[in-house]
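One structure is given below, encoded as structure tokens.
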Amino acid sequence: MNRFDLSDKFVDNPETLIRKTKTKLRMNQSKSSTSQLANPPKPEDQSTQSLTPEIEAMADKLLPEFSAPTTANIRTEPAVDINGSFELKLVLINMVQASQFYGKAHEDASAHLQHFLEICRTFTIKDVPKDAILLRLFVFSLLGKAKHWFYANKEKNTMWALRSTNFLAKFFPTGKTNALHGKISSFQQQHDERVPKAWERFQDHILECPHHGMENWLLMQTFYHGLSNSTRETMDTAAGEAFLSLTISQATALVEKMASN
């Protein structure tokens, strides 16, 4: 065949070739569809090929089981990030559980935290950081609303400083702080109340709000101005001159001396 000879497969009209090709494709598709209809895949074969073990397990569950609680839903203490593990002795847990915090309005979150820290200062665990012990043990000191709060926020409280701060922020809110601060700043000696009782009550207010932020000189002035006129005169006489002319240590010593009589 020279360069001007045409192949035996040459088609004069290209459209004819296109139509033949399309017809052939439709015939092949038709044969494939007919074969699938004649031999459809078995349902069980499809399920075994596509379902994972988890889906198969769900398929076997009864309807009530989907809403039933499981151990996977039980909340536990987050893992403490230290090298290795350590054991909390039962005696330590019992000591903490002897005075638990429920999160009720009348409870003192600051006093609870103080008591908890006092217990934890009485022991050490070799090669275990103190913060790790505090983190692990603290949950045993909680019950009720307080324990519910703990588990709802456990992922946010992975460090002791953060956990203790958030605990106080939750159960010793600003409103309570303001109310107790008001008790200190507006202190007044009650009718027929002697100095020992007045001083004790004033100290109780201070202990109830250890983060009051008032310096000692202001506390002494507040107490003095809250006394009755006759008691202030007695204080001035005992001071040898004006009570407010004393130093902080002198004023404190004088009040404690009068309160002990």
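Please note that chains go A, B, ... in the order of the structure tokens, that every chain numbers its residues from 1, and that ligands are numbered from 1 in the order shown.
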
- Contacts of Ile133 (chain A) within 10 Å, only C-alpha atoms, excl. fewer than 4 positions in-chain, as an MDAnalysis selection string: chainID A and resid 80 86:88 120 124:125 128:129 137:138 160

- Atom pair CA of Leu92 (chain A) / CA of Pro173 (chain A): separation (Å): 29.2 Å

- Hey, what's within 7 Å of Val96 (chain A) if we count only C-alpha atoms and toss same-chain stuff fewer than 5 positions away? As a ChimeraX atom specification, please? /A:116,140-141

So that I have them on file, write out the residues from the current selection with N, CA and C atoms, as a short mmCIF file (atom, residue, chain, number, x, y, z; two decimals), in the first residue's frame.
data_model
loop_
_atom_site.label_atom_id
_atom_site.label_comp_id
_atom_site.auth_asym_id
_atom_site.auth_seq_id
_atom_site.Cartn_x
_atom_site.Cartn_y
_atom_site.Cartn_z
N PHE A 116 -8.95 20.09 103.60
CA PHE A 116 -8.38 19.10 102.67
C PHE A 116 -6.87 19.26 102.56
N PHE A 140 -12.48 12.48 96.25
CA PHE A 140 -13.05 11.72 97.35
C PHE A 140 -13.60 12.63 98.45
N SER A 141 -13.26 13.91 98.39
CA SER A 141 -13.77 14.84 99.40
C SER A 141 -15.09 15.47 98.98
#

- Query: Can you list, as a ChimeraX atom specification, every residue of region 113-222 of chain A that DSSP puts in helix (DSSP H, G or I)?
  - Reply: /A:113-120,130-141,144-152,154-156,160-171,174-185,195-208,216-222

- Between CA of Asn94 (chain A) and CA of Arg121 (chain A), measure the distance and give it in Å to one decimal.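 For CA of Asn94 (chain A) relative to CA of Arg121 (chain A), the distance reads 15.5 Å.
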
- Identify which of the residues A:Val195, A:Ala111, A:Leu135, A:Ala179 lies closest to Asn157 (chain A), counting only C-alpha atoms when measuring atom-to-atom distances.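 The answer is A:Leu135, which sits nearest to Asn157 (chain A).
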
- Query: Smallest atom-to-atom distance to Ala109 (chain A): which of A:Leu142, A:Ala242, A:Leu90, A:Leu254, using only C-alpha atoms?
  - Reply: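 Ranking A:Leu142, A:Ala242, A:Leu90, A:Leu254 by distance to Ala109 (chain A), first place goes to A:Leu142.
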
- Message: If we count only C-alpha atoms and set the cut-off at 9 Å, which residues sit around Lys145 (chain A), ignoring sequence neighbours fewer than 6 positions away in its own chain? Please answer as a list in words.
- Response: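 Once the adjacent positions are removed, what remains is Phe101, Tyr102, Gly103 and Lys104 of chain A.
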
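Here the question is which of A:Leu244, A:Ser110, A:Asn229, A:Lys183 gets nearest to Thr165 (chain A) using only C-alpha atoms, and that residue is A:Ser110.
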
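The space between CA of Ile93 (chain A) and CA of Phe172 (chain A) spans 24.4 Å.
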
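Minimum distance to Phe150 (chain A) across A:Leu227, A:Arg136, A:Val91, A:Phe167 (counting only C-alpha atoms) occurs at A:Phe167.
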